[in-house]
Amino acid sequence: MFPNINNVLFLNLASLQGLFETSKFLFLFLVPAITMRTFAEEKRSGTLELLLTKPFTDSQIIAAKFLSSLTLLVIALLPTLLYVISVYNLGSPPGNIDMGSTWGSYLGLILLGATFISIGIFASSATSNQIVAFVLAAPLSFIMYFGFEFIYSFEKLGKAGVFIKNLGIDYHYNSISRGVIDTRDLLYFASVTMIFLIATRIVLISRKW
């Protein structure tokens, strides 16, 4: 047993907090890897023009790529349910685990993944090289997650710092992870996701100018 803060057996605490804390960092690299081919590979192979001639709108194409990437991410999360079952049964007594926080954290991960996917798709639409798409998406996702939190750390900002903190993903993800489903957090994730998907559509439309 390794003495690690994310090791459930070491902590003697029926909690999956370590899993969710690790997952958000993994998403910074996993999601860009999933999305980097969505449009960049289409451009490189010359199939994007063929795709755009099909009887589908740009919005439908973007939505299809977004939903397929999100589905793949959700499938990747499914095996982690084994951890929930294990920790649930390891509790003393069995079931001594905050399921509200657990399901809230899963919802937070899905919303976080959806946001990162929209960022990744936008980055992929801006280039014909999937490696460049990855390099663009990963730092942009990192900035959206931690950047506003870093700016908030400057005490001189005063009340404006709180507003800036609310613009970052970290604040809203942590809120949902506590098991508190606030419509403001849901609206935030939906808004950021839509902004990047709309930006992707603008990039696609600009090819026709």
# chains A, B, ... in the order shown; residues from 1 in each chain; ligands from 1
>>> select_by_dssp(residues="stretch 4-145 of chain A", states="alpha helix (DSSP H)", output="PyMOL selection string")
chain A and resi 8-11+17-35+40-45+48-52+58-77+81-90+99-125+130-142
>>> closest_atom_pairs(of="stretch 19-99 of chain A", to="stretch 104-107 of chain A", cutoff="12 Å", atoms="only C-alpha atoms", output="JSON lines")
{"residue": "A:Leu19", "atom": "CA", "partner": "A:Ser105", "partner_atom": "CA", "distance": 9.7}
{"residue": "A:Phe20", "atom": "CA", "partner": "A:Ser105", "partner_atom": "CA", "distance": 6.7}
{"residue": "A:Glu21", "atom": "CA", "partner": "A:Ser105", "partner_atom": "CA", "distance": 9.5}
{"residue": "A:Thr22", "atom": "CA", "partner": "A:Ser105", "partner_atom": "CA", "distance": 11.9}
{"residue": "A:Ser23", "atom": "CA", "partner": "A:Tyr106", "partner_atom": "CA", "distance": 10.1}
{"residue": "A:Lys24", "atom": "CA", "partner": "A:Ser105", "partner_atom": "CA", "distance": 10.3}
{"residue": "A:Leu73", "atom": "CA", "partner": "A:Tyr106", "partner_atom": "CA", "distance": 11.9}
{"residue": "A:Val74", "atom": "CA", "partner": "A:Tyr106", "partner_atom": "CA", "distance": 9.8}
{"residue": "A:Leu77", "atom": "CA", "partner": "A:Tyr106", "partner_atom": "CA", "distance": 8.7}
{"residue": "A:Leu78", "atom": "CA", "partner": "A:Tyr106", "partner_atom": "CA", "distance": 10.2}
{"residue": "A:Thr80", "atom": "CA", "partner": "A:Tyr106", "partner_atom": "CA", "distance": 10.0}
{"residue": "A:Leu81", "atom": "CA", "partner": "A:Tyr106", "partner_atom": "CA", "distance": 9.8}
{"residue": "A:Val84", "atom": "CA", "partner": "A:Tyr106", "partner_atom": "CA", "distance": 10.8}
{"residue": "A:Asp98", "atom": "CA", "partner": "A:Gly104", "partner_atom": "CA", "distance": 10.0}
{"residue": "A:Met99", "atom": "CA", "partner": "A:Gly104", "partner_atom": "CA", "distance": 8.2}
>>> residues_around(residues="stretch 70-72 of chain A", least_positions_apart="6", cutoff="8 Å", atoms="only C-alpha atoms", output="PyMOL selection string")
chain A and resi 113-114+117
>>> write_last_selection(atoms="C-alpha atoms", output="PDB file, in the first residue's frame")
ATOM      1  CA  GLY A 113     -15.337  16.839 -20.570  1.00  0.00           C
ATOM      2  CA  ALA A 114     -18.004  18.470 -22.748  1.00  0.00           C
ATOM      3  CA  ILE A 117     -14.333  18.727 -26.145  1.00  0.00           C
TER       4      ILE A 117
END
>>> residues_around(residues="A:Ile169", least_positions_apart="3", cutoff="12 Å", atoms="only C-alpha atoms", output="number ranges by chain")
A: 24, 108-109, 111-116, 140-150, 164-166, 172-176, 185-193
>>> write_last_selection(atoms="N, CA and C atoms", output="short mmCIF file (atom, residue, chain, number, x, y, z; two decimals), in the first residue's frame")
data_model
loop_
_atom_site.label_atom_id
_atom_site.label_comp_id
_atom_site.auth_asym_id
_atom_site.auth_seq_id
_atom_site.Cartn_x
_atom_site.Cartn_y
_atom_site.Cartn_z
N LYS A 24 -9.56 15.15 -13.56
CA LYS A 24 -9.62 16.46 -14.21
C LYS A 24 -8.28 16.82 -14.84
N GLY A 108 -20.02 16.52 -12.86
CA GLY A 108 -19.01 17.54 -13.09
C GLY A 108 -17.98 17.11 -14.13
N LEU A 109 -17.56 15.84 -14.06
CA LEU A 109 -16.58 15.34 -15.03
C LEU A 109 -17.16 15.33 -16.45
N LEU A 111 -19.59 17.29 -17.60
CA LEU A 111 -19.69 18.69 -18.04
C LEU A 111 -18.32 19.26 -18.36
N LEU A 112 -17.33 18.90 -17.55
CA LEU A 112 -15.96 19.34 -17.80
C LEU A 112 -15.46 18.77 -19.11
N GLY A 113 -15.74 17.48 -19.32
CA GLY A 113 -15.34 16.84 -20.57
C GLY A 113 -16.00 17.48 -21.78
N ALA A 114 -17.28 17.82 -21.65
CA ALA A 114 -18.00 18.47 -22.75
C ALA A 114 -17.38 19.82 -23.08
N THR A 115 -16.99 20.56 -22.05
CA THR A 115 -16.36 21.87 -22.27
C THR A 115 -15.00 21.70 -22.96
N PHE A 116 -14.20 20.78 -22.47
CA PHE A 116 -12.90 20.53 -23.10
C PHE A 116 -13.05 20.02 -24.53
N LEU A 140 -5.05 25.74 -24.01
CA LEU A 140 -6.27 26.55 -23.92
C LEU A 140 -7.21 25.99 -22.85
N SER A 141 -7.31 24.67 -22.77
CA SER A 141 -8.12 24.04 -21.73
C SER A 141 -7.53 24.33 -20.35
N PHE A 142 -6.21 24.28 -20.27
CA PHE A 142 -5.52 24.56 -19.00
C PHE A 142 -5.80 25.99 -18.55
N ILE A 143 -5.74 26.92 -19.48
CA ILE A 143 -5.97 28.33 -19.16
C ILE A 143 -7.41 28.54 -18.70
N MET A 144 -8.36 27.90 -19.41
CA MET A 144 -9.76 28.04 -19.04
C MET A 144 -10.03 27.45 -17.67
N TYR A 145 -9.27 26.43 -17.29
CA TYR A 145 -9.51 25.79 -16.00
C TYR A 145 -8.79 26.51 -14.87
N PHE A 146 -7.49 26.76 -15.03
CA PHE A 146 -6.69 27.30 -13.94
C PHE A 146 -6.35 28.78 -14.08
N GLY A 147 -6.48 29.32 -15.28
CA GLY A 147 -6.05 30.70 -15.53
C GLY A 147 -6.77 31.73 -14.69
N PHE A 148 -8.09 31.63 -14.63
CA PHE A 148 -8.87 32.62 -13.87
C PHE A 148 -8.62 32.46 -12.37
N GLU A 149 -8.40 31.21 -11.93
CA GLU A 149 -8.09 30.96 -10.53
C GLU A 149 -6.76 31.62 -10.15
N PHE A 150 -5.81 31.59 -11.09
CA PHE A 150 -4.50 32.20 -10.86
C PHE A 150 -4.63 33.73 -10.76
N ILE A 164 -13.83 37.45 -11.55
CA ILE A 164 -12.89 36.75 -12.42
C ILE A 164 -12.83 35.26 -12.06
N LYS A 165 -12.86 34.96 -10.77
CA LYS A 165 -12.84 33.56 -10.33
C LYS A 165 -14.06 32.82 -10.86
N ASN A 166 -15.20 33.47 -10.89
CA ASN A 166 -16.43 32.85 -11.38
C ASN A 166 -16.38 32.55 -12.87
N HIS A 172 -16.65 26.34 -10.81
CA HIS A 172 -17.94 25.68 -11.06
C HIS A 172 -17.82 24.16 -10.97
N TYR A 173 -16.68 23.62 -11.36
CA TYR A 173 -16.47 22.18 -11.24
C TYR A 173 -16.45 21.77 -9.77
N ASN A 174 -15.75 22.51 -8.95
CA ASN A 174 -15.68 22.21 -7.52
C ASN A 174 -17.04 22.34 -6.85
N SER A 175 -17.85 23.28 -7.33
CA SER A 175 -19.18 23.46 -6.78
C SER A 175 -20.06 22.24 -7.03
N ILE A 176 -20.04 21.74 -8.26
CA ILE A 176 -20.83 20.56 -8.61
C ILE A 176 -20.29 19.32 -7.92
N ASP A 185 -24.15 26.89 -12.29
CA ASP A 185 -23.02 26.08 -12.75
C ASP A 185 -23.36 25.38 -14.06
N LEU A 186 -24.58 24.84 -14.16
CA LEU A 186 -25.00 24.17 -15.39
C LEU A 186 -25.03 25.16 -16.55
N LEU A 187 -25.54 26.36 -16.28
CA LEU A 187 -25.61 27.39 -17.31
C LEU A 187 -24.21 27.80 -17.74
N TYR A 188 -23.28 27.85 -16.79
CA TYR A 188 -21.90 28.23 -17.12
C TYR A 188 -21.29 27.23 -18.09
N PHE A 189 -21.36 25.94 -17.77
CA PHE A 189 -20.77 24.92 -18.63
C PHE A 189 -21.44 24.91 -20.00
N ALA A 190 -22.76 25.06 -20.01
CA ALA A 190 -23.49 25.08 -21.29
C ALA A 190 -23.07 26.28 -22.13
N SER A 191 -22.88 27.43 -21.47
CA SER A 191 -22.52 28.66 -22.19
C SER A 191 -21.12 28.57 -22.78
N VAL A 192 -20.15 28.11 -21.98
CA VAL A 192 -18.77 28.00 -22.47
C VAL A 192 -18.70 26.99 -23.62
N THR A 193 -19.40 25.88 -23.47
CA THR A 193 -19.42 24.87 -24.53
C THR A 193 -19.99 25.45 -25.82
#
>>> residues_around(residues="stretch 133-138 of chain A", least_positions_apart="6", cutoff="9 Å", atoms="only C-alpha atoms", output="list in words")
Leu28, Phe29, Val31, Pro32, Ala33, Thr35, Met36, Arg37, Ala40, Phe116, Ile117, Ile119, Gly120, Ile121, Phe122, Ala123, Ser124, Ser125, Ala126 and Thr127 of chain A
>>> write_last_selection(atoms="C-alpha atoms", output="compact mmCIF listing (two decimals), in the first residue's frame")
# COMPACT_ATOMS: atom_id res chain seq x y z
CA LEU A 28 -6.44 18.09 -19.96
CA PHE A 29 -4.54 15.60 -22.16
CA VAL A 31 -9.78 15.15 -24.36
CA PRO A 32 -7.45 17.02 -26.78
CA ALA A 33 -6.18 13.59 -27.90
CA THR A 35 -10.72 15.74 -30.51
CA MET A 36 -7.50 16.56 -32.37
CA ARG A 37 -8.56 14.53 -35.43
CA ALA A 40 -7.77 18.61 -38.65
CA PHE A 116 -12.90 20.53 -23.10
CA ILE A 117 -14.33 18.73 -26.14
CA ILE A 119 -12.38 23.62 -26.98
CA GLY A 120 -10.65 20.69 -28.70
CA ILE A 121 -13.02 20.75 -31.67
CA PHE A 122 -12.47 24.48 -32.06
CA ALA A 123 -8.69 23.98 -32.02
CA SER A 124 -8.98 21.14 -34.54
CA SER A 125 -11.06 23.30 -36.90
CA ALA A 126 -8.37 25.98 -36.88
CA THR A 127 -5.61 23.79 -38.33
>>> closest_residue(among="A:Gly100, A:Asp170, A:Asp58, A:Glu41", to="A:Ser206", atoms="only C-alpha atoms")
A:Asp58
>>> decode(residues="stretch 52-67 of chain A", atoms="N, CA and C atoms", output="PDB file, in the first residue's frame")
ATOM      1  N   LEU A  52     -18.680  18.762 -46.373  1.00  0.00           N
ATOM      2  CA  LEU A  52     -19.491  19.978 -46.361  1.00  0.00           C
ATOM      3  C   LEU A  52     -20.471  20.035 -47.526  1.00  0.00           C
ATOM      4  N   THR A  53     -20.251  19.211 -48.555  1.00  0.00           N
ATOM      5  CA  THR A  53     -21.179  19.175 -49.688  1.00  0.00           C
ATOM      6  C   THR A  53     -22.367  18.251 -49.423  1.00  0.00           C
ATOM      7  N   LYS A  54     -22.279  17.469 -48.377  1.00  0.00           N
ATOM      8  CA  LYS A  54     -23.381  16.584 -48.010  1.00  0.00           C
ATOM      9  C   LYS A  54     -24.570  17.409 -47.518  1.00  0.00           C
ATOM     10  N   PRO A  55     -25.783  16.810 -47.562  1.00  0.00           N
ATOM     11  CA  PRO A  55     -26.991  17.563 -47.142  1.00  0.00           C
ATOM     12  C   PRO A  55     -27.092  17.736 -45.625  1.00  0.00           C
ATOM     13  N   PHE A  56     -26.006  18.242 -45.034  1.00  0.00           N
ATOM     14  CA  PHE A  56     -25.988  18.520 -43.598  1.00  0.00           C
ATOM     15  C   PHE A  56     -25.516  19.951 -43.403  1.00  0.00           C
ATOM     16  N   THR A  57     -26.070  20.610 -42.417  1.00  0.00           N
ATOM     17  CA  THR A  57     -25.615  21.956 -42.112  1.00  0.00           C
ATOM     18  C   THR A  57     -24.311  21.878 -41.315  1.00  0.00           C
ATOM     19  N   ASP A  58     -23.597  23.005 -41.256  1.00  0.00           N
ATOM     20  CA  ASP A  58     -22.364  23.054 -40.467  1.00  0.00           C
ATOM     21  C   ASP A  58     -22.649  22.723 -39.003  1.00  0.00           C
ATOM     22  N   SER A  59     -23.769  23.222 -38.516  1.00  0.00           N
ATOM     23  CA  SER A  59     -24.124  22.978 -37.114  1.00  0.00           C
ATOM     24  C   SER A  59     -24.359  21.494 -36.849  1.00  0.00           C
ATOM     25  N   GLN A  60     -24.970  20.797 -37.798  1.00  0.00           N
ATOM     26  CA  GLN A  60     -25.222  19.366 -37.634  1.00  0.00           C
ATOM     27  C   GLN A  60     -23.916  18.573 -37.632  1.00  0.00           C
ATOM     28  N   ILE A  61     -22.989  18.963 -38.484  1.00  0.00           N
ATOM     29  CA  ILE A  61     -21.690  18.285 -38.548  1.00  0.00           C
ATOM     30  C   ILE A  61     -20.930  18.485 -37.238  1.00  0.00           C
ATOM     31  N   ILE A  62     -20.922  19.733 -36.756  1.00  0.00           N
ATOM     32  CA  ILE A  62     -20.232  20.037 -35.498  1.00  0.00           C
ATOM     33  C   ILE A  62     -20.884  19.280 -34.343  1.00  0.00           C
ATOM     34  N   ALA A  63     -22.214  19.271 -34.305  1.00  0.00           N
ATOM     35  CA  ALA A  63     -22.936  18.578 -33.236  1.00  0.00           C
ATOM     36  C   ALA A  63     -22.638  17.080 -33.251  1.00  0.00           C
ATOM     37  N   ALA A  64     -22.551  16.501 -34.454  1.00  0.00           N
ATOM     38  CA  ALA A  64     -22.267  15.070 -34.573  1.00  0.00           C
ATOM     39  C   ALA A  64     -20.881  14.740 -34.043  1.00  0.00           C
ATOM     40  N   LYS A  65     -19.907  15.574 -34.393  1.00  0.00           N
ATOM     41  CA  LYS A  65     -18.540  15.333 -33.919  1.00  0.00           C
ATOM     42  C   LYS A  65     -18.439  15.557 -32.405  1.00  0.00           C
ATOM     43  N   PHE A  66     -19.187  16.550 -31.918  1.00  0.00           N
ATOM     44  CA  PHE A  66     -19.192  16.820 -30.483  1.00  0.00           C
ATOM     45  C   PHE A  66     -19.801  15.651 -29.713  1.00  0.00           C
ATOM     46  N   LEU A  67     -20.955  15.178 -30.153  1.00  0.00           N
ATOM     47  CA  LEU A  67     -21.647  14.096 -29.448  1.00  0.00           C
ATOM     48  C   LEU A  67     -20.881  12.782 -29.536  1.00  0.00           C
TER      49      LEU A  67
END
